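Source file: structure.cif. Holds: mmCIF, C-alpha atoms.
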data_structure
#
loop_
_atom_site.label_atom_id
_atom_site.label_comp_id
_atom_site.auth_asym_id
_atom_site.auth_seq_id
_atom_site.Cartn_x
_atom_site.Cartn_y
_atom_site.Cartn_z
CA MET A 1 86.02 96.31 102.94
CA VAL A 2 84.42 99.14 101.04
CA PHE A 3 82.31 101.95 102.41
CA TRP A 4 79.85 104.21 100.74
CA LYS A 5 78.08 107.25 101.98
CA LYS A 6 74.90 109.10 101.09
CA LEU A 7 74.42 106.55 98.35
CA PHE A 8 71.06 107.72 97.15
CA ASN A 9 71.31 111.43 97.68
CA PRO A 10 70.82 113.12 94.28
CA SER A 11 73.17 115.88 95.38
CA ASP A 12 75.91 113.26 95.25
CA VAL A 13 75.92 113.35 91.47
CA PRO A 14 79.22 115.04 90.89
CA THR A 15 79.80 118.00 88.64
CA SER A 16 83.22 116.78 87.57
CA SER A 17 84.20 115.68 84.09
CA GLN A 18 83.40 112.13 85.16
CA ALA A 19 79.80 113.09 85.70
CA SER A 20 79.48 114.77 82.33
CA LEU A 21 81.02 111.66 80.77
CA PHE A 22 78.40 109.48 82.35
CA PRO A 23 75.09 110.80 83.58
CA GLY A 24 74.09 108.58 86.47
CA GLU A 25 73.98 108.43 90.21
CA ALA A 26 77.36 108.20 91.90
CA LEU A 27 78.36 105.76 94.56
CA GLU A 28 81.07 107.36 96.67
CA MET A 29 83.84 104.85 97.33
CA THR A 30 86.95 105.32 99.41
CA ARG A 31 90.03 106.00 97.32
CA ASP A 32 91.77 103.04 98.91
CA SER A 33 89.27 100.55 97.67
CA LEU A 34 89.09 101.46 94.01
CA GLY A 35 92.03 103.76 93.41
CA GLU A 36 91.08 106.60 91.09
CA SER A 37 87.88 104.99 89.91
CA ARG A 38 84.31 105.82 90.86
CA ILE A 39 81.17 103.72 90.68
CA PHE A 40 78.05 105.00 88.94
CA PHE A 41 74.53 103.64 88.62
CA SER A 42 72.30 104.29 85.66
CA THR A 43 68.73 103.47 84.65
CA ASP A 44 69.43 104.23 80.99
CA ARG A 45 68.42 101.07 79.10
CA GLU A 46 70.49 101.89 76.03
CA ILE A 47 73.19 99.42 76.98
CA ASP A 48 75.69 97.98 74.51
CA LEU A 49 74.41 94.41 74.21
CA TYR A 50 77.88 93.05 73.51
CA GLU A 51 79.22 94.69 76.67
CA LEU A 52 76.33 93.16 78.63
CA GLU A 53 77.00 89.77 77.07
CA GLU A 54 80.67 90.06 78.07
CA LEU A 55 79.61 90.75 81.68
CA CYS A 56 77.28 87.74 81.68
CA ASP A 57 80.02 85.59 80.12
CA ALA A 58 82.34 86.61 82.96
CA VAL A 59 80.02 84.99 85.52
CA GLY A 60 79.47 81.91 83.36
CA TRP A 61 75.87 82.47 82.31
CA ALA A 62 74.60 80.65 79.24
CA ARG A 63 74.52 82.92 76.20
CA ARG A 64 71.14 84.16 75.05
CA PRO A 65 70.10 85.50 71.64
CA LEU A 66 70.90 89.24 71.60
CA ARG A 67 67.62 89.88 69.76
CA LYS A 68 65.73 88.50 72.76
CA VAL A 69 67.97 90.28 75.29
CA LYS A 70 67.23 93.57 73.47
CA LYS A 71 63.49 92.88 73.63
CA ALA A 72 63.71 91.96 77.33
CA LEU A 73 65.52 95.23 78.13
CA GLU A 74 62.94 97.24 76.19
CA HIS A 75 60.08 95.61 78.07
CA SER A 76 61.56 95.52 81.53
CA PHE A 77 60.06 98.01 83.96
CA LEU A 78 63.46 98.92 85.37
CA VAL A 79 66.96 98.33 84.04
CA VAL A 80 69.88 99.23 86.30
CA SER A 81 73.49 99.14 85.22
CA MET A 82 76.55 99.70 87.39
CA TRP A 83 79.69 101.25 85.93
CA GLU A 84 83.26 101.82 86.95
CA VAL A 85 84.42 105.21 85.67
CA ARG A 86 88.16 105.73 85.60
CA GLY A 87 89.45 108.87 83.94
CA ASN A 88 87.54 109.15 80.66
CA ARG A 89 86.76 105.43 80.42
CA ARG A 90 83.77 103.56 81.73
CA ARG A 91 83.20 99.86 82.16
CA LEU A 92 79.98 97.90 82.76
CA ILE A 93 80.53 95.98 86.01
CA GLY A 94 77.01 95.16 87.15
CA PHE A 95 73.45 94.79 85.96
CA ALA A 96 69.94 93.96 87.14
CA ARG A 97 66.43 94.43 85.79
CA ALA A 98 62.84 94.03 86.89
CA THR A 99 59.54 93.20 85.24
CA SER A 100 56.42 94.77 86.70
CA ASP A 101 52.74 95.60 86.29
CA TYR A 102 53.68 99.23 87.13
CA ALA A 103 51.28 99.09 90.09
CA PHE A 104 51.65 96.26 92.61
CA ASN A 105 54.35 93.73 91.77
CA ALA A 106 57.90 93.72 90.50
CA THR A 107 60.15 90.73 89.91
CA ILE A 108 63.91 91.17 89.77
CA TRP A 109 65.90 89.19 87.19
CA ASP A 110 69.46 88.86 85.93
CA VAL A 111 71.38 90.29 88.88
CA VAL A 112 75.08 90.18 88.02
CA VAL A 113 78.31 91.75 89.33
CA HIS A 114 81.60 91.22 87.49
CA PRO A 115 83.83 88.77 89.43
CA SER A 116 86.62 91.37 89.72
CA PHE A 117 84.21 93.65 91.58
CA GLN A 118 82.55 91.09 93.84
CA ASN A 119 82.97 91.03 97.62
CA LYS A 120 83.22 94.82 97.78
CA GLY A 121 79.61 95.48 98.76
CA LEU A 122 78.69 96.44 95.20
CA GLY A 123 76.05 93.71 94.76
CA LYS A 124 74.38 95.00 97.90
CA ALA A 125 74.60 98.58 96.63
CA LEU A 126 73.14 97.52 93.26
CA MET A 127 70.20 95.76 94.94
CA LYS A 128 69.57 98.67 97.32
CA TYR A 129 69.50 100.96 94.30
CA MET A 130 66.96 98.63 92.59
CA ILE A 131 64.77 98.50 95.69
CA LYS A 132 64.90 102.27 96.12
CA LYS A 133 63.86 102.83 92.51
CA LEU A 134 61.01 100.29 92.73
CA ARG A 135 59.74 101.73 96.01
CA GLY A 136 59.95 105.20 94.44
CA GLU A 137 57.49 103.94 91.79
CA ASP A 138 55.06 102.84 94.53
CA ILE A 139 55.69 99.12 93.93
CA SER A 140 54.94 97.36 97.22
CA ASN A 141 55.58 93.73 96.32
CA ILE A 142 59.19 93.16 95.24
CA THR A 143 59.95 89.54 94.41
CA LEU A 144 62.72 87.43 92.94
CA PHE A 145 63.76 83.84 92.42
CA ALA A 146 67.07 83.16 94.18
CA ASP A 147 69.58 80.45 93.40
CA PRO A 148 70.56 78.50 96.54
CA GLN A 149 74.00 80.13 96.84
CA VAL A 150 72.59 83.69 96.94
CA ILE A 151 69.65 83.16 99.29
CA ASP A 152 71.61 84.48 102.28
CA PHE A 153 72.76 87.48 100.27
CA TYR A 154 69.13 88.44 99.55
CA ARG A 155 68.06 87.62 103.09
CA ARG A 156 70.54 90.18 104.44
CA LEU A 157 68.89 92.75 102.14
CA GLY A 158 65.49 92.10 103.73
CA PHE A 159 64.13 89.49 101.32
CA VAL A 160 62.10 86.78 103.01
CA LEU A 161 61.99 83.14 101.94
CA ASP A 162 58.53 81.63 101.34
CA PRO A 163 56.60 84.12 103.51
CA GLU A 164 53.41 82.52 104.88
CA GLY A 165 54.30 79.39 102.96
CA ILE A 166 54.10 81.10 99.55
CA LYS A 167 56.26 79.09 97.18
CA GLY A 168 58.01 80.01 93.96
CA MET A 169 57.02 77.63 91.15
CA PHE A 170 58.25 77.17 87.59
CA TRP A 171 56.32 75.68 84.75
CA TYR A 172 57.75 72.88 82.65
CA PRO A 173 55.92 71.00 79.90
CA ASP A 174 54.35 67.69 80.96
CA MET B 175 32.72 66.34 86.76
CA VAL B 176 33.05 68.53 83.69
CA PHE B 177 34.61 67.65 80.37
CA TRP B 178 35.87 69.86 77.64
CA LYS B 179 37.04 69.08 74.18
CA LYS B 180 39.26 70.72 71.60
CA LEU B 181 39.74 73.50 74.10
CA PHE B 182 42.17 75.59 72.16
CA ASN B 183 41.08 74.98 68.60
CA PRO B 184 40.17 78.35 67.05
CA SER B 185 37.57 76.57 64.91
CA ASP B 186 35.68 76.02 68.14
CA VAL B 187 34.68 79.66 68.28
CA PRO B 188 31.00 79.33 67.47
CA THR B 189 29.13 81.35 64.91
CA SER B 190 26.02 81.55 67.05
CA SER B 191 24.56 84.68 68.58
CA GLN B 192 26.55 83.86 71.71
CA ALA B 193 29.78 84.27 69.79
CA SER B 194 28.78 87.60 68.31
CA LEU B 195 27.79 88.72 71.79
CA PHE B 196 31.21 87.88 73.11
CA PRO B 197 34.25 87.49 70.91
CA GLY B 198 36.50 85.02 72.65
CA GLU B 199 37.63 81.44 72.58
CA ALA B 200 34.98 78.94 73.59
CA LEU B 201 35.34 76.15 76.06
CA GLU B 202 32.92 73.39 75.12
CA MET B 203 31.17 72.09 78.23
CA THR B 204 28.66 69.28 78.49
CA ARG B 205 25.07 70.54 78.73
CA ASP B 206 24.64 68.58 81.95
CA SER B 207 27.33 70.48 83.76
CA LEU B 208 26.32 74.03 83.02
CA GLY B 209 22.82 73.82 81.56
CA GLU B 210 22.37 76.24 78.68
CA SER B 211 25.49 78.24 79.50
CA ARG B 212 28.86 78.20 77.74
CA ILE B 213 32.28 79.22 78.95
CA PHE B 214 34.43 81.69 77.00
CA PHE B 215 37.97 82.92 77.40
CA SER B 216 39.14 86.35 76.34
CA THR B 217 42.42 88.26 76.27
CA ASP B 218 40.63 91.59 75.89
CA ARG B 219 41.91 93.74 78.77
CA GLU B 220 38.98 96.17 78.66
CA ILE B 221 37.36 94.59 81.69
CA ASP B 222 34.77 96.35 83.84
CA LEU B 223 36.80 97.06 86.97
CA TYR B 224 33.76 96.85 89.23
CA GLU B 225 32.88 93.44 87.82
CA LEU B 226 36.47 92.33 88.48
CA GLU B 227 36.33 93.73 92.01
CA GLU B 228 33.11 91.79 92.61
CA LEU B 229 34.83 88.59 91.49
CA CYS B 230 37.78 89.24 93.81
CA ASP B 231 35.39 90.09 96.66
CA ALA B 232 33.69 86.71 96.14
CA VAL B 233 36.93 84.88 96.98
CA GLY B 234 37.68 87.18 99.90
CA TRP B 235 40.62 89.11 98.52
CA ALA B 236 41.50 92.44 100.08
CA ARG B 237 40.20 95.35 98.01
CA ARG B 238 42.72 97.31 96.00
CA PRO B 239 42.48 100.85 94.60
CA LEU B 240 40.77 100.60 91.19
CA ARG B 241 43.18 103.20 89.81
CA LYS B 242 46.06 100.82 90.52
CA VAL B 243 44.15 97.77 89.25
CA LYS B 244 43.53 99.65 85.98
CA LYS B 245 47.24 100.48 85.69
CA ALA B 246 48.22 96.88 86.45
CA LEU B 247 45.89 95.57 83.73
CA GLU B 248 47.28 98.05 81.21
CA HIS B 249 50.84 97.01 81.98
CA SER B 250 50.38 93.29 82.27
CA PHE B 251 51.74 91.28 79.37
CA LEU B 252 48.71 89.02 79.29
CA VAL B 253 45.24 89.41 80.81
CA VAL B 254 42.87 86.46 80.58
CA SER B 255 39.24 86.57 81.63
CA MET B 256 36.79 83.67 81.78
CA TRP B 257 33.10 84.24 81.16
CA GLU B 258 29.88 82.32 81.50
CA VAL B 259 27.59 83.21 78.59
CA ARG B 260 23.96 82.30 79.05
CA GLY B 261 21.49 83.51 76.43
CA ASN B 262 22.39 87.15 75.82
CA ARG B 263 24.02 87.66 79.22
CA ARG B 264 27.62 87.21 80.20
CA ARG B 265 29.22 87.02 83.60
CA LEU B 266 32.88 87.29 84.64
CA ILE B 267 33.71 84.06 86.47
CA GLY B 268 37.51 83.86 86.29
CA PHE B 269 40.62 85.95 85.80
CA ALA B 270 44.41 85.74 85.65
CA ARG B 271 47.20 87.95 84.37
CA ALA B 272 50.94 87.82 83.77
CA THR B 273 53.80 90.29 83.82
CA SER B 274 56.66 89.65 81.44
CA ASP B 275 59.77 90.98 79.73
CA TYR B 276 58.18 89.85 76.41
CA ALA B 277 61.21 87.62 75.80
CA PHE B 278 62.25 85.15 78.51
CA ASN B 279 60.17 85.32 81.67
CA ALA B 280 56.54 85.62 82.64
CA THR B 281 55.07 85.66 86.15
CA ILE B 282 51.41 84.82 86.68
CA TRP B 283 49.41 86.84 89.23
CA ASP B 284 45.85 87.14 90.53
CA VAL B 285 44.45 83.75 89.49
CA VAL B 286 40.82 83.64 90.57
CA VAL B 287 37.74 81.51 89.82
CA HIS B 288 34.34 82.44 91.28
CA PRO B 289 33.40 80.04 94.12
CA SER B 290 30.19 78.99 92.30
CA PHE B 291 32.32 77.77 89.40
CA GLN B 292 35.11 76.07 91.35
CA ASN B 293 35.68 72.31 91.33
CA LYS B 294 34.50 72.02 87.71
CA GLY B 295 37.94 71.99 86.11
CA LEU B 296 37.66 75.65 85.13
CA GLY B 297 40.72 76.81 87.10
CA LYS B 298 42.73 74.18 85.28
CA ALA B 299 41.26 75.29 81.93
CA LEU B 300 42.07 78.93 82.73
CA MET B 301 45.68 78.10 83.62
CA LYS B 302 46.11 75.93 80.53
CA TYR B 303 44.82 78.82 78.44
CA MET B 304 47.35 81.17 80.12
CA ILE B 305 50.21 78.75 79.54
CA LYS B 306 49.23 78.21 75.90
CA LYS B 307 49.13 81.97 75.28
CA LEU B 308 52.50 82.54 76.99
CA ARG B 309 54.13 79.66 75.11
CA GLY B 310 52.66 81.06 71.89
CA GLU B 311 54.60 84.27 72.61
CA ASP B 312 57.85 82.29 72.93
CA ILE B 313 58.07 82.77 76.71
CA SER B 314 60.08 79.84 78.04
CA ASN B 315 60.18 80.59 81.76
CA ILE B 316 56.69 80.72 83.30
CA THR B 317 56.72 81.39 87.03
CA LEU B 318 54.32 82.14 89.85
CA PHE B 319 54.14 82.45 93.61
CA ALA B 320 51.69 79.91 95.02
CA ASP B 321 49.85 80.08 98.33
CA PRO B 322 50.24 76.82 100.31
CA GLN B 323 46.68 75.61 99.59
CA VAL B 324 47.11 75.81 95.78
CA ILE B 325 50.59 74.31 95.43
CA ASP B 326 49.18 70.88 94.51
CA PHE B 327 46.81 72.47 91.99
CA TYR B 328 49.76 74.08 90.19
CA ARG B 329 51.88 70.96 90.54
CA ARG B 330 49.25 68.98 88.63
CA LEU B 331 49.52 71.56 85.85
CA GLY B 332 53.26 70.93 85.51
CA PHE B 333 54.59 73.65 87.82
CA VAL B 334 57.62 72.60 89.84
CA LEU B 335 58.39 73.75 93.37
CA ASP B 336 61.85 75.25 93.98
CA PRO B 337 63.56 73.59 90.97
CA GLU B 338 67.29 73.12 91.63
CA GLY B 339 66.80 74.82 94.98
CA ILE B 340 65.66 78.12 93.44
CA LYS B 341 63.56 79.91 96.05
CA GLY B 342 60.89 82.54 95.75
CA MET B 343 61.70 85.56 97.92
CA PHE B 344 59.75 88.69 98.86
CA TRP B 345 61.20 91.96 99.97
CA TYR B 346 60.06 93.67 103.10
CA PRO B 347 61.55 96.84 104.60
CA ASP B 348 64.10 96.28 107.37
#
Taking this structure as input, can you express it in the form of structure tokens?
Amino acid sequence: MVFWKKLFNPSDVPTSSQASLFPGEALEMTRDSLGESRIFFSTDREIDLYELEELCDAVGWARRPLRKVKKALEHSFLVVSMWEVRGNRRRLIGFARATSDYAFNATIWDVVVHPSFQNKGLGKALMKYMIKKLRGEDISNITLFADPQVIDFYRRLGFVLDPEGIKGMFWYPD
Amino acid sequence: MVFWKKLFNPSDVPTSSQASLFPGEALEMTRDSLGESRIFFSTDREIDLYELEELCDAVGWARRPLRKVKKALEHSFLVVSMWEVRGNRRRLIGFARATSDYAFNATIWDVVVHPSFQNKGLGKALMKYMIKKLRGEDISNITLFADPQVIDFYRRLGFVLDPEGIKGMFWYPD
């Protein structure tokens, strides 16, 4: 079990060499859980596409053309990446993004945590970070489409299934 | 019952005074169904916000701050409006918009047809126009969140409910 504290307090951003290596918001982890490493979040969308592809490969997602992934990142409203920083090295261990009309609605896509870092509460921390950022932009309607095996995960975060009978639908050609 | 023909053929855009009044794509309707009026579609997002509010009022939607509506229109990927053109007058009778990452996903929001123009096949025509435009931009995953009373409407257009158990979810604060 992993604990974090004051997750979203800007004063948490450390002034150590780790912070200068990687400007982002720090997630304080207990030493026991991750040894000498620390977890950082970033909204910088300049992500190495090959590193992102490697992360998506690790969870078994179908590969997508990098040209289109690049375009999707550019045109997402919010891109959040999660990094393990250990000494002077950093590693991409999680990712999520959201499309939005910048006013009312946001839809979260491509939520991924590297298998080696799952079951440590990091997916929850990543989603809470997303929600906090979206709420900070005055987005009131945060939506997503959940695969069956992660419905309970999102439910624990406050997501509601089919509220008032509203149903997610996907278009396919006739 | 209303019929249309060659709905999405650009050559349909007429060269009459109606067309110069309103540059858009024409939906050919039988004279019987709409008298001397014609229906046009447009992707021009410079829509009179008060006219849009009036349309949304007509279907009983809750009012939203125009400042936010303006922002949402600016940041939508696609904005489609539907107009009745009669002589030298035009009237906003339908609307829909979509957010997108410009690459993989689009989500359709705020689909509305004025009550006086419902049950004429115009909602279907509006949605088909949306889908055609999104497909033309190489968007493969077209999604929406449907209220219970319109699920069958979207199903007839090829939208599938909860494919492979994927569920639409909405976030609410704890």
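When only C-alpha atoms are used to measure the gap to Asp110 in chain A, the shortest distance among A:Ile166, A:Ile39, A:Ala72, A:Ala125 belongs to A:Ala72.
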### Message
Under the rule that all atoms listed in the file are counted, which of B:Tyr303, B:Ala280, B:Gly297, B:Pro289 is the nearest residue to chain A?
### Response
B:Ala280
### Phe291 in chain B surroundings by only C-alpha atoms, 9 Å radius, close-in-sequence under 5 positions cut, as a count of residues only
4
### Task
Can you work out the spacing between CA of Asp44 in chain A and CA of Gly24 in chain A in Å, to one decimal?
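CA of Gly24 in chain A lies at a distance of 8.4 Å from CA of Asp44 in chain A.
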Under the rule of at most 8 Å, produce a per-residue listing of chain A near chain B: chain, number, name, the closest pair of atoms, and the distance in Å, as JSON lines, using all atoms listed in the file.
{"residue": "A:Lys68", "atom": "CA", "partner": "B:Ala277", "partner_atom": "CA", "distance": 5.5}
{"residue": "A:Val69", "atom": "CA", "partner": "B:Ala277", "partner_atom": "CA", "distance": 7.3}
{"residue": "A:Lys71", "atom": "CA", "partner": "B:Ala277", "partner_atom": "CA", "distance": 6.1}
{"residue": "A:Ala72", "atom": "CA", "partner": "B:Asp275", "partner_atom": "CA", "distance": 4.7}
{"residue": "A:Leu73", "atom": "CA", "partner": "B:Asp275", "partner_atom": "CA", "distance": 7.3}
{"residue": "A:Glu74", "atom": "CA", "partner": "B:Asp275", "partner_atom": "CA", "distance": 7.9}
{"residue": "A:His75", "atom": "CA", "partner": "B:Asp275", "partner_atom": "CA", "distance": 4.9}
{"residue": "A:Ser76", "atom": "CA", "partner": "B:Asp275", "partner_atom": "CA", "distance": 5.2}
{"residue": "A:Thr99", "atom": "CA", "partner": "B:Ser274", "partner_atom": "CA", "distance": 5.9}
{"residue": "A:Ser100", "atom": "CA", "partner": "B:Thr273", "partner_atom": "CA", "distance": 5.9}
{"residue": "A:Asp101", "atom": "CA", "partner": "B:Ala246", "partner_atom": "CA", "distance": 4.7}
{"residue": "A:Tyr102", "atom": "CA", "partner": "B:Ala246", "partner_atom": "CA", "distance": 6.0}
{"residue": "A:Ala103", "atom": "CA", "partner": "B:Ala246", "partner_atom": "CA", "distance": 5.2}
{"residue": "A:Phe104", "atom": "CA", "partner": "B:Ala246", "partner_atom": "CA", "distance": 7.1}
{"residue": "A:Asn141", "atom": "CA", "partner": "B:Trp345", "partner_atom": "CA", "distance": 6.9}
{"residue": "A:Ile142", "atom": "CA", "partner": "B:Trp345", "partner_atom": "CA", "distance": 5.3}
{"residue": "A:Thr143", "atom": "CA", "partner": "B:Phe344", "partner_atom": "CA", "distance": 4.5}
{"residue": "A:Leu144", "atom": "CA", "partner": "B:Met343", "partner_atom": "CA", "distance": 5.4}
{"residue": "A:Phe145", "atom": "CA", "partner": "B:Gly342", "partner_atom": "CA", "distance": 4.6}
{"residue": "A:Ala146", "atom": "CA", "partner": "B:Lys341", "partner_atom": "CA", "distance": 5.1}
{"residue": "A:Asp147", "atom": "CA", "partner": "B:Ile340", "partner_atom": "CA", "distance": 4.6}
{"residue": "A:Pro148", "atom": "CA", "partner": "B:Gly339", "partner_atom": "CA", "distance": 5.5}
{"residue": "A:Ile151", "atom": "CA", "partner": "B:Lys341", "partner_atom": "CA", "distance": 7.6}
{"residue": "A:Leu157", "atom": "CA", "partner": "B:Asp348", "partner_atom": "CA", "distance": 7.9}
{"residue": "A:Gly158", "atom": "CA", "partner": "B:Tyr346", "partner_atom": "CA", "distance": 5.7}
{"residue": "A:Phe159", "atom": "CA", "partner": "B:Trp345", "partner_atom": "CA", "distance": 4.1}
{"residue": "A:Val160", "atom": "CA", "partner": "B:Phe344", "partner_atom": "CA", "distance": 5.1}
{"residue": "A:Leu161", "atom": "CA", "partner": "B:Met343", "partner_atom": "CA", "distance": 4.7}
{"residue": "A:Asp162", "atom": "CA", "partner": "B:Met343", "partner_atom": "CA", "distance": 6.1}
{"residue": "A:Pro163", "atom": "CA", "partner": "B:Phe344", "partner_atom": "CA", "distance": 7.2}
{"residue": "A:Glu164", "atom": "CA", "partner": "B:Asp321", "partner_atom": "CA", "distance": 7.8}
{"residue": "A:Gly165", "atom": "CA", "partner": "B:Pro322", "partner_atom": "CA", "distance": 5.5}
{"residue": "A:Ile166", "atom": "CA", "partner": "B:Asp321", "partner_atom": "CA", "distance": 4.5}
{"residue": "A:Lys167", "atom": "CA", "partner": "B:Ala320", "partner_atom": "CA", "distance": 5.1}
{"residue": "A:Gly168", "atom": "CA", "partner": "B:Gly342", "partner_atom": "CA", "distance": 4.2}
{"residue": "A:Met169", "atom": "CA", "partner": "B:Leu335", "partner_atom": "CA", "distance": 4.7}
{"residue": "A:Phe170", "atom": "CA", "partner": "B:Thr317", "partner_atom": "CA", "distance": 4.5}
{"residue": "A:Trp171", "atom": "CA", "partner": "B:Phe333", "partner_atom": "CA", "distance": 4.1}
{"residue": "A:Tyr172", "atom": "CA", "partner": "B:Gly332", "partner_atom": "CA", "distance": 5.7}
{"residue": "A:Pro173", "atom": "CA", "partner": "B:Gly332", "partner_atom": "CA", "distance": 6.2}
{"residue": "A:Asp174", "atom": "CA", "partner": "B:Gly332", "partner_atom": "CA", "distance": 5.7}
### Message
Under the rule that all atoms listed in the file are counted, which of A:Met130, A:Lys120, A:Arg38, A:Val112 is the nearest residue to Leu55 in chain A?
### Response
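Checking each of A:Met130, A:Lys120, A:Arg38, A:Val112 against Leu55 in chain A, counting all atoms listed in the file, the winner is A:Val112.
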### Task
Counting all atoms listed in the file, figure out which residue out of A:Leu92, A:Leu78, A:Ile108, A:Ser37 gets nearest to Tyr50 in chain A.
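Nearest to Tyr50 in chain A: A:Leu92.
Proximity to Glu53 in chain A was assessed for A:Asp138, A:Arg89, A:Leu66, A:Lys132 counting all atoms listed in the file; the smallest distance is recorded for A:Leu66.
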### Message
What's the separation between CA of Phe41 in chain A and CA of Ile139 in chain A, in Å to one decimal place?
### Response
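Separating CA of Phe41 in chain A from CA of Ile139 in chain A is a distance of 20.1 Å.
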### Query
What does the distance from CA of Cys230 in chain B to CA of Ala270 in chain B come to in Å, to one decimal?
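Between these atoms lies a distance of 11.1 Å.
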